[in-house]
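*Asks:* Structure file data.csv, CSV, C-alpha atoms, is pasted below:
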chain,number,residue,atom,x,y,z
A,161,MET,CA,90.5,104.7,107.0
A,162,ALA,CA,89.6,101.5,108.9
A,163,THR,CA,87.3,99.0,107.2
A,164,ILE,CA,84.4,98.0,109.4
A,165,PHE,CA,81.7,95.5,108.4
A,166,HIS,CA,78.1,95.5,109.6
A,167,ASP,CA,75.1,93.2,109.0
A,168,ALA,CA,74.4,94.8,105.6
A,169,ASP,CA,77.9,93.9,104.3
A,170,VAL,CA,77.6,90.2,105.0
A,171,ASP,CA,76.2,87.0,103.3
A,172,HIS,CA,74.5,85.6,106.4
A,173,ASP,CA,73.8,82.3,104.8
A,174,LEU,CA,77.4,81.4,103.8
A,175,VAL,CA,78.4,80.0,107.2
A,176,ARG,CA,75.2,78.0,107.3
A,177,THR,CA,76.5,76.0,104.3
A,178,ARG,CA,79.4,74.8,106.4
A,179,ARG,CA,79.8,72.0,109.0
A,180,VAL,CA,81.5,73.8,111.9
A,181,ALA,CA,83.6,72.2,114.7
A,182,VAL,CA,84.3,74.4,117.7
A,183,LEU,CA,87.3,73.0,119.5
A,184,GLY,CA,87.3,74.0,123.1
A,185,TYR,CA,84.4,75.0,125.4
A,186,GLY,CA,85.8,77.7,127.7
A,187,SER,CA,85.0,81.4,127.8
A,188,GLN,CA,85.1,81.9,124.0
A,189,GLY,CA,84.3,78.3,122.9
A,190,HIS,CA,80.9,78.2,124.6
A,191,ALA,CA,79.9,81.6,123.3
A,192,HIS,CA,80.9,80.7,119.7
A,193,ALA,CA,79.2,77.3,119.8
A,194,LEU,CA,75.9,78.5,121.3
A,195,ASN,CA,75.7,81.7,119.2
A,196,LEU,CA,76.4,79.7,116.0
A,197,ARG,CA,73.8,77.1,116.9
A,198,ASP,CA,71.2,79.8,117.6
A,199,SER,CA,72.0,81.4,114.2
A,200,GLY,CA,71.1,78.2,112.4
A,201,VAL,CA,74.7,76.9,111.9
A,202,ASP,CA,75.5,73.1,111.8
A,203,VAL,CA,77.8,73.0,114.8
A,204,ARG,CA,79.5,70.4,116.9
A,205,VAL,CA,81.9,70.8,119.8
A,206,GLY,CA,85.3,69.0,120.0
A,207,LEU,CA,86.7,68.2,123.4
A,208,ARG,CA,89.3,65.8,124.7
A,209,PRO,CA,88.1,62.6,126.4
A,210,GLY,CA,87.4,63.2,130.1
A,211,SER,CA,86.9,67.0,129.7
A,212,ARG,CA,84.7,68.5,132.4
A,213,SER,CA,83.1,70.6,129.7
A,214,ARG,CA,81.6,67.7,127.9
A,215,ALA,CA,78.6,67.4,130.2
A,216,VAL,CA,78.1,71.1,130.2
A,217,ALA,CA,78.0,71.3,126.4
A,218,GLU,CA,75.7,68.3,126.1
A,219,GLU,CA,73.3,69.7,128.7
A,220,GLN,CA,73.1,72.8,126.6
A,221,GLY,CA,72.0,70.7,123.6
A,222,LEU,CA,75.2,70.6,121.7
A,223,LYS,CA,76.7,67.6,119.9
A,224,VAL,CA,80.0,66.7,121.5
A,225,LEU,CA,82.8,64.6,119.9
A,226,ASP,CA,86.4,63.9,120.6
A,227,THR,CA,88.5,66.7,119.3
A,228,ASN,CA,89.9,65.1,116.1
A,229,ASP,CA,86.6,63.4,115.3
A,230,ALA,CA,84.8,66.7,115.4
A,231,ALA,CA,87.4,68.3,113.2
A,232,ALA,CA,87.4,65.4,110.7
A,233,GLU,CA,83.6,65.7,110.0
A,234,ALA,CA,83.7,69.5,109.7
A,235,ASP,CA,84.8,71.7,106.9
A,236,LEU,CA,85.2,74.8,109.1
A,237,VAL,CA,87.4,74.0,112.1
A,238,VAL,CA,87.4,76.7,114.9
A,239,LEU,CA,90.4,76.4,117.2
A,240,LEU,CA,89.5,78.0,120.5
A,241,ALA,CA,91.4,75.9,123.0
A,242,PRO,CA,93.9,77.9,125.2
A,243,ASP,CA,96.9,79.3,123.2
A,244,THR,CA,99.2,77.1,125.3
A,245,ALA,CA,97.4,73.9,124.3
A,246,GLN,CA,97.0,74.5,120.6
A,247,LYS,CA,100.4,73.4,119.4
A,248,ALA,CA,100.1,70.0,121.2
A,249,MET,CA,96.6,69.5,119.7
A,250,TRP,CA,97.9,70.3,116.3
A,251,GLU,CA,100.7,67.7,116.6
A,252,ASP,CA,98.3,65.1,118.1
A,253,GLY,CA,96.3,64.5,114.9
A,254,LEU,CA,94.5,67.7,114.3
A,255,ARG,CA,96.8,68.6,111.5
A,256,GLU,CA,95.8,65.5,109.5
A,257,THR,CA,92.1,66.5,109.7
A,258,LEU,CA,92.7,69.7,107.8
A,259,THR,CA,92.3,68.3,104.3
A,260,THR,CA,92.2,70.3,101.0
A,261,GLY,CA,89.5,72.9,100.8
A,262,LYS,CA,88.7,73.1,104.5
A,263,ALA,CA,89.0,76.3,106.6
A,264,LEU,CA,90.8,76.8,109.9
A,265,LEU,CA,89.6,79.7,112.1
A,266,PHE,CA,91.3,81.1,115.1
A,267,GLY,CA,90.1,83.4,117.9
A,268,HIS,CA,93.6,84.7,118.5
A,269,GLY,CA,96.6,84.7,116.1
A,270,LEU,CA,99.4,83.8,118.5
A,271,ASN,CA,100.2,80.3,117.3
A,272,VAL,CA,100.2,81.3,113.6
A,273,ARG,CA,102.0,84.6,114.1
A,274,TYR,CA,104.9,82.9,115.9
A,275,GLY,CA,105.1,79.8,113.8
A,276,LEU,CA,103.9,77.3,116.5
A,277,ILE,CA,101.3,76.1,114.0
A,278,ALA,CA,102.0,76.0,110.3
A,279,PRO,CA,98.7,75.3,108.4
A,280,PRO,CA,98.9,73.5,105.1
A,281,GLU,CA,98.8,75.7,102.0
A,282,ASP,CA,95.6,74.2,100.5
A,283,ILE,CA,93.1,75.5,103.2
A,284,ASP,CA,91.8,78.9,104.2
A,285,VAL,CA,93.2,80.3,107.5
A,286,LEU,CA,91.2,83.1,109.1
A,287,LEU,CA,90.5,84.8,112.4
A,288,VAL,CA,87.4,86.1,114.1
A,289,ALA,CA,87.8,87.6,117.5
A,290,PRO,CA,85.0,89.1,119.6
A,291,LYS,CA,86.4,92.1,121.6
A,292,SER,CA,85.0,90.9,124.9
A,293,PRO,CA,85.0,87.9,127.2
A,294,GLY,CA,82.9,85.1,125.9
A,295,HIS,CA,80.1,85.4,128.5
A,296,MET,CA,79.6,89.0,127.4
A,297,ALA,CA,79.5,88.0,123.7
A,298,ARG,CA,76.9,85.4,124.5
A,299,ARG,CA,74.8,87.6,126.8
A,300,SER,CA,74.8,90.4,124.2
A,301,TYR,CA,73.7,88.0,121.4
A,302,GLU,CA,70.8,86.8,123.5
A,303,GLN,CA,69.7,90.4,124.1
A,304,GLY,CA,69.6,90.9,120.3
A,305,GLN,CA,72.7,93.1,120.4
A,306,GLY,CA,76.4,92.2,119.8
A,307,VAL,CA,79.9,93.1,120.8
A,308,PRO,CA,82.5,94.5,118.3
A,309,GLY,CA,85.0,92.1,116.8
A,310,LEU,CA,87.9,91.6,114.5
A,311,VAL,CA,88.3,89.6,111.2
A,312,ALA,CA,91.5,88.7,109.4
A,313,VAL,CA,92.6,86.4,106.7
A,314,GLU,CA,96.1,84.8,106.8
A,315,GLN,CA,95.6,82.4,103.9
A,316,ASP,CA,92.9,82.6,101.2
A,317,HIS,CA,93.0,79.3,99.3
A,318,SER,CA,89.4,79.4,98.2
A,319,GLY,CA,89.3,83.1,97.3
A,320,THR,CA,86.3,83.6,99.6
A,321,ALA,CA,87.9,83.4,103.0
A,322,LEU,CA,87.1,86.9,104.0
A,323,GLU,CA,83.4,86.4,103.0
A,324,LEU,CA,83.3,83.3,105.2
A,325,GLY,CA,84.9,85.2,108.1
A,326,LYS,CA,82.4,88.0,107.8
A,327,SER,CA,79.5,85.5,107.7
A,328,TYR,CA,80.9,83.6,110.8
A,329,ALA,CA,81.2,87.0,112.6
A,330,ALA,CA,77.6,87.8,111.8
A,331,ALA,CA,76.5,84.4,113.2
A,332,LEU,CA,78.2,85.4,116.5
A,333,GLY,CA,76.3,88.7,116.5
A,334,LEU,CA,79.5,90.8,116.0
A,335,THR,CA,78.4,92.6,112.8
A,336,ARG,CA,75.5,94.1,114.8
A,337,ALA,CA,78.1,96.2,116.5
A,338,GLY,CA,80.8,96.2,113.8
A,339,VAL,CA,83.8,94.1,112.8
A,340,LEU,CA,87.1,95.6,112.0
A,341,LEU,CA,89.3,94.2,109.2
A,342,THR,CA,92.8,93.5,110.5
A,343,THR,CA,95.7,91.0,110.1
A,344,PHE,CA,96.9,88.1,112.2
A,345,THR,CA,100.1,90.1,113.0
A,346,GLU,CA,98.2,93.3,114.0
A,347,GLU,CA,95.6,91.4,116.1
A,348,THR,CA,98.3,89.3,117.9
A,349,GLU,CA,100.7,92.1,118.6
A,350,THR,CA,98.1,94.6,119.7
A,351,ASP,CA,96.2,92.1,121.8
A,352,LEU,CA,99.3,90.9,123.7
A,353,PHE,CA,100.5,94.5,124.2
A,354,GLY,CA,97.0,95.6,125.4
A,355,GLU,CA,96.9,92.7,127.9
A,356,GLN,CA,100.4,93.2,129.2
A,357,ALA,CA,100.8,97.0,129.3
A,358,VAL,CA,97.3,98.2,130.0
A,359,LEU,CA,94.3,95.9,130.5
A,360,CYS,CA,95.8,93.2,132.7
A,361,GLY,CA,99.4,94.0,133.6
A,362,GLY,CA,99.1,97.8,133.7
A,363,ILE,CA,95.8,98.2,135.5
A,364,SER,CA,96.4,95.4,138.0
A,365,HIS,CA,99.8,96.6,139.0
A,366,LEU,CA,98.7,100.3,139.1
A,367,ILE,CA,95.9,99.3,141.5
A,368,GLN,CA,98.2,97.1,143.6
A,369,ALA,CA,101.0,99.8,143.8
A,370,GLY,CA,98.4,102.4,144.9
A,371,PHE,CA,97.1,100.1,147.6
A,372,GLU,CA,100.6,99.3,148.8
A,373,THR,CA,101.5,103.1,148.9
A,374,LEU,CA,98.6,104.0,151.1
A,375,VAL,CA,98.9,101.0,153.4
A,376,GLU,CA,102.7,101.6,153.8
A,377,ALA,CA,101.9,105.2,154.8
A,378,GLY,CA,99.7,104.0,157.6
A,379,TYR,CA,96.2,104.2,156.1
A,380,GLN,CA,93.6,101.4,156.8
A,381,PRO,CA,93.9,98.6,154.2
A,382,GLU,CA,90.1,98.7,153.8
A,383,ALA,CA,90.2,102.4,152.9
A,384,ALA,CA,93.0,101.8,150.5
A,385,TYR,CA,91.0,99.0,148.9
A,386,PHE,CA,88.0,101.2,148.3
A,387,GLU,CA,90.0,104.0,146.8
A,388,CYS,CA,92.3,102.0,144.6
A,389,LEU,CA,90.3,99.0,143.6
A,390,HIS,CA,86.6,99.2,144.3
A,391,GLU,CA,86.1,102.6,142.7
A,392,ALA,CA,88.1,101.6,139.6
A,393,LYS,CA,85.0,100.0,138.1
A,394,LEU,CA,83.1,103.3,138.4
A,395,ILE,CA,85.8,105.1,136.5
A,396,ILE,CA,86.2,102.4,133.8
A,397,ASP,CA,82.4,102.4,133.3
A,398,MET,CA,82.4,106.1,132.6
A,399,ILE,CA,85.4,105.7,130.2
A,400,TYR,CA,83.6,102.8,128.4
A,401,GLU,CA,80.4,104.9,128.0
A,402,GLY,CA,82.0,108.1,126.7
A,403,GLY,CA,85.7,108.0,126.6
A,404,LEU,CA,88.3,109.8,128.8
A,405,SER,CA,86.6,113.2,128.3
A,406,TRP,CA,83.3,111.9,129.6
A,407,MET,CA,84.9,110.4,132.7
A,408,ARG,CA,86.7,113.8,133.3
A,409,TYR,CA,83.4,115.6,132.8
A,410,SER,CA,81.6,113.3,135.2
A,411,VAL,CA,84.0,113.4,138.1
A,412,SER,CA,84.6,116.5,140.4
A,413,ASP,CA,86.8,119.4,139.3
A,414,THR,CA,89.2,118.3,142.0
A,415,ALA,CA,89.5,114.8,140.6
A,416,GLU,CA,89.8,116.2,137.0
A,417,TYR,CA,92.6,118.6,138.0
A,418,GLY,CA,94.4,115.9,139.9
A,419,ASP,CA,94.1,113.7,136.8
A,420,TYR,CA,95.9,116.3,134.6
A,421,LEU,CA,98.5,117.2,137.3
A,422,SER,CA,99.5,113.9,138.7
A,423,GLY,CA,98.6,111.3,136.1
A,424,PRO,CA,101.7,112.0,134.0
A,425,ARG,CA,103.9,111.7,137.0
A,426,VAL,CA,102.8,108.1,137.4
A,427,ILE,CA,102.5,107.2,133.8
A,428,GLY,CA,105.2,109.3,132.2
A,429,ASP,CA,108.2,108.9,130.0
A,430,ALA,CA,109.6,106.0,131.9
A,431,SER,CA,106.3,104.1,131.6
A,432,LYS,CA,106.1,104.9,127.9
A,433,GLN,CA,109.6,103.6,127.4
A,434,ALA,CA,108.7,100.4,129.3
A,435,MET,CA,105.7,100.0,127.0
A,436,ARG,CA,107.9,100.4,123.9
A,437,ASP,CA,110.2,97.7,125.3
A,438,ILE,CA,107.3,95.4,125.9
A,439,LEU,CA,106.0,95.9,122.4
A,440,ALA,CA,109.5,95.2,121.0
A,441,GLU,CA,109.6,91.9,122.9
A,442,ILE,CA,106.2,91.0,121.5
A,443,LYS,CA,107.2,91.8,118.0
A,444,ASP,CA,110.5,90.0,118.0
A,445,GLY,CA,109.1,86.8,119.7
A,446,THR,CA,110.7,87.2,123.1
A,447,PHE,CA,107.5,86.9,125.0
A,448,ALA,CA,106.2,84.0,122.9
A,449,ARG,CA,109.5,82.1,123.5
A,450,THR,CA,109.3,82.8,127.2
A,451,LEU,CA,105.6,81.6,127.3
A,452,VAL,CA,106.4,78.4,125.3
A,453,ALA,CA,109.4,77.6,127.6
A,454,ASP,CA,107.2,77.9,130.7
A,455,VAL,CA,104.5,75.7,129.1
A,456,GLU,CA,107.2,73.1,128.4
A,457,ASN,CA,108.3,73.4,132.1
A,458,GLY,CA,104.7,72.6,133.3
A,459,GLY,CA,103.8,76.2,133.7
A,460,ALA,CA,105.9,76.5,136.9
A,461,ASP,CA,106.6,80.2,136.6
A,462,LEU,CA,102.9,81.0,135.8
A,463,LEU,CA,101.7,79.0,138.7
A,464,ALA,CA,104.2,80.6,141.1
A,465,ARG,CA,103.2,84.1,140.1
A,466,ARG,CA,99.5,83.1,140.3
A,467,ARG,CA,99.9,81.9,143.9
A,468,ALA,CA,101.8,85.0,144.9
A,469,GLY,CA,99.1,87.2,143.4
A,470,ARG,CA,96.3,85.5,145.2
A,471,ASP,CA,98.2,85.7,148.5
A,472,HIS,CA,98.8,89.5,148.3
A,473,GLN,CA,97.2,91.6,151.0
A,474,ILE,CA,94.9,93.4,148.6
A,475,GLU,CA,93.3,90.1,147.8
A,476,ARG,CA,92.8,89.1,151.4
A,477,VAL,CA,91.3,92.5,152.3
A,478,GLY,CA,89.2,92.4,149.2
A,479,ARG,CA,87.5,89.2,150.1
A,480,GLU,CA,86.6,90.6,153.5
A,481,VAL,CA,85.3,93.8,152.1
A,482,ARG,CA,83.2,92.2,149.3
A,483,ALA,CA,81.7,89.8,151.9
A,484,MET,CA,80.1,92.9,153.6
A,485,ILE,CA,78.5,94.0,150.3
A,486,PRO,CA,75.3,92.0,149.9
A,487,PHE,CA,74.9,92.3,146.1
A,488,ILE,CA,78.4,91.1,145.3
A,489,ASP,CA,78.7,87.3,144.9
A,490,GLU,CA,82.2,86.1,145.5
A,491,PRO,CA,83.5,84.1,142.5
A,492,THR,CA,85.0,80.6,142.9
A,493,PHE,CA,88.2,79.4,141.3
A,494,ASP,CA,88.5,76.0,139.7
Mind turning this structure into structure tokens?
*Replies:*
Amino acid sequence: MATIFHDADVDHDLVRTRRVAVLGYGSQGHAHALNLRDSGVDVRVGLRPGSRSRAVAEEQGLKVLDTNDAAAEADLVVLLAPDTAQKAMWEDGLRETLTTGKALLFGHGLNVRYGLIAPPEDIDVLLVAPKSPGHMARRSYEQGQGVPGLVAVEQDHSGTALELGKSYAAALGLTRAGVLLTTFTEETETDLFGEQAVLCGGISHLIQAGFETLVEAGYQPEAAYFECLHEAKLIIDMIYEGGLSWMRYSVSDTAEYGDYLSGPRVIGDASKQAMRDILAEIKDGTFARTLVADVENGGADLLARRRAGRDHQIERVGREVRAMIPFIDEPTFD
């Protein structure tokens, strides 16, 4: 039976006894820092000199220091910079700030799971991960609610690391919804698998393949876009609200029957075997080694794939279609 913590299971004051440094101010970093501050926690943000996020964080009323200075004056250091930047930060002086008795908290376990960061033995090492993008964690907190989350302890030097993790999760608002006790290994491997096989890789390529199939068969690209991409949100919303059965109850009998009949032909034994292969490569470190090699090569492979994705026909058609819908604001890329 899973262990899930709620507000009643937490010492809410424990994290308020700590000086917290949140390193990074992206999607997760800004949500952690602002939610902590609004929960009465002594928090500062650590950023590299010249970071564009410095002005943003300062405008939002947060104390901002250089990365290692923030970590040095804190006794709970929260590492929320991108996975691909954390090893370099660790080797550029962050390691030396983690003195005896401090705690190091991650939002994702990749760098610890694959040995890219090896924390000293005389500190606590823990993980707290909201199961949502940061802006949703922030918005939900402001509404008096919360998103679910995960908590894990890799190293319990103090004997109270789990209690600190639970208190930190409560300050983010996560225990309002529920926080699942897990491990660094389980969080890392399931997170990577979910991203690659289902949430990002699986969904995006399923949508793209459906679009291509209709266009190649002579249908209008705009019609293919509506059917394969635009309506995906409606289906996902129903699944989110009540699971697969609620979605199947909510759609027409025709759509439900087509789900049962044709879904397994698209996502069948071959797809399941590919998922097993992906999971094996995550567990044995193949994916992590590939990622690190690309980072060391300046991210050339990632950048090339990103450019190809943005140039795909479905993206060009999508921009034109969304421009005709008055309540959709087109996002901008940095």
*Asks:* Pick from A:Lys223, A:Gly378, A:Phe493, A:Thr348: nearest to Arg466 of chain A, with only C-alpha atoms counted?
*Replies:* A:Phe493
*Asks:* Taking only residues of segment 358-466 of chain A that have an atom at most 9 Å from an atom of segment 273-291 of chain A, what is each one's shortest atom pair and its distance in Å to one decimal, using only C-alpha atoms, in chain and number order, as CSV?
*Replies:*
residue,atom,partner,partner_atom,distance
A:Gly445,CA,A:Tyr274,CA,6.9
A:Ala448,CA,A:Tyr274,CA,7.2
A:Arg449,CA,A:Tyr274,CA,8.9
*Asks:* Using all atoms listed in the file, determine which residues lie at most 7 Å from segment 206-221 of chain A, disregarding the query and same-chain residues fewer than 3 positions distant; provide the list as an MDAnalysis selection string.
*Replies:* chainID A and resid 181:185 224:227 230
*Asks:* Kindly extract all protein, DNA and RNA residues lying within 6 Å of the coordinates (79.1, 94.6, 115.4) given in the file, considering all atoms listed in the file, and supply them as a PyMOL selection string.
*Replies:* chain A and resi 166+306-308+334-339
*Asks:* Can you list, as an MDAnalysis selection string, every protein, DNA or RNA residue that comes within 12 Å of Ala312 of chain A when you count only C-alpha atoms, leaving out same-chain residues fewer than 4 positions away?
*Replies:* chainID A and resid 163:165 264:269 284:289 316 321:326 328:329 339:348
*Asks:* Given all atoms listed in the file as the basis, pick out the residue of A:Met249, A:Thr244, A:Glu376, A:Asp419 nearest to Gly458 of chain A.
*Replies:*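 Among the listed residues, the smallest separation from Gly458 of chain A belongs to A:Thr244.
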*Asks:* To one decimal place, how far is atom CA of Phe447 of chain A from atom CA of Leu352 of chain A in Å?
*Replies:*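 Going from atom CA of Phe447 of chain A over to atom CA of Leu352 of chain A covers 9.2 Å.
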*Asks:* To one decimal place, how far is atom CA of Gly333 of chain A from atom CA of Gly304 of chain A in Å?
*Replies:*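 Computing it gives 8.0 Å between the two atoms.
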*Asks:* Set the distance at 10 Å and use only C-alpha atoms: which residues neighbour Met407 of chain A once local chain neighbours fewer than 6 positions away are removed? I'd like the list as a list in words.
*Replies:* Leu394, Ile395, Ile396, Asp397, Met398, Ile399, Tyr400, Glu401 and Glu416 of chain A
*Asks:* To one decimal place in Å, what is the distance between atom CA of Asp173 of chain A and atom CA of Ser300 of chain A?
*Replies:*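 Interatomic distance, atom CA of Asp173 of chain A to atom CA of Ser300 of chain A: 21.0 Å.
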*Asks:* May I ask which of the residues A:Arg436, A:Cys388, A:Glu475, A:Ala245 is the closest one to Glu456 of chain A, counting all atoms listed in the file?
*Replies:* A:Ala245
*Asks:* Write out as an MDAnalysis selection string each polymer residue whose atoms come within 9 Å of segment 353-364 of chain A, counting all atoms listed in the file; drop sequence neighbours fewer than 3 positions from it.
*Replies:* chainID A and resid 348:350 367:369 434:435 438:439 442
*Asks:* Pick out the closest residue to Leu270 of chain A from this set: A:Val477, A:Ala483, A:Ala440, A:Leu239. Count all atoms listed in the file.
*Replies:* A:Leu239
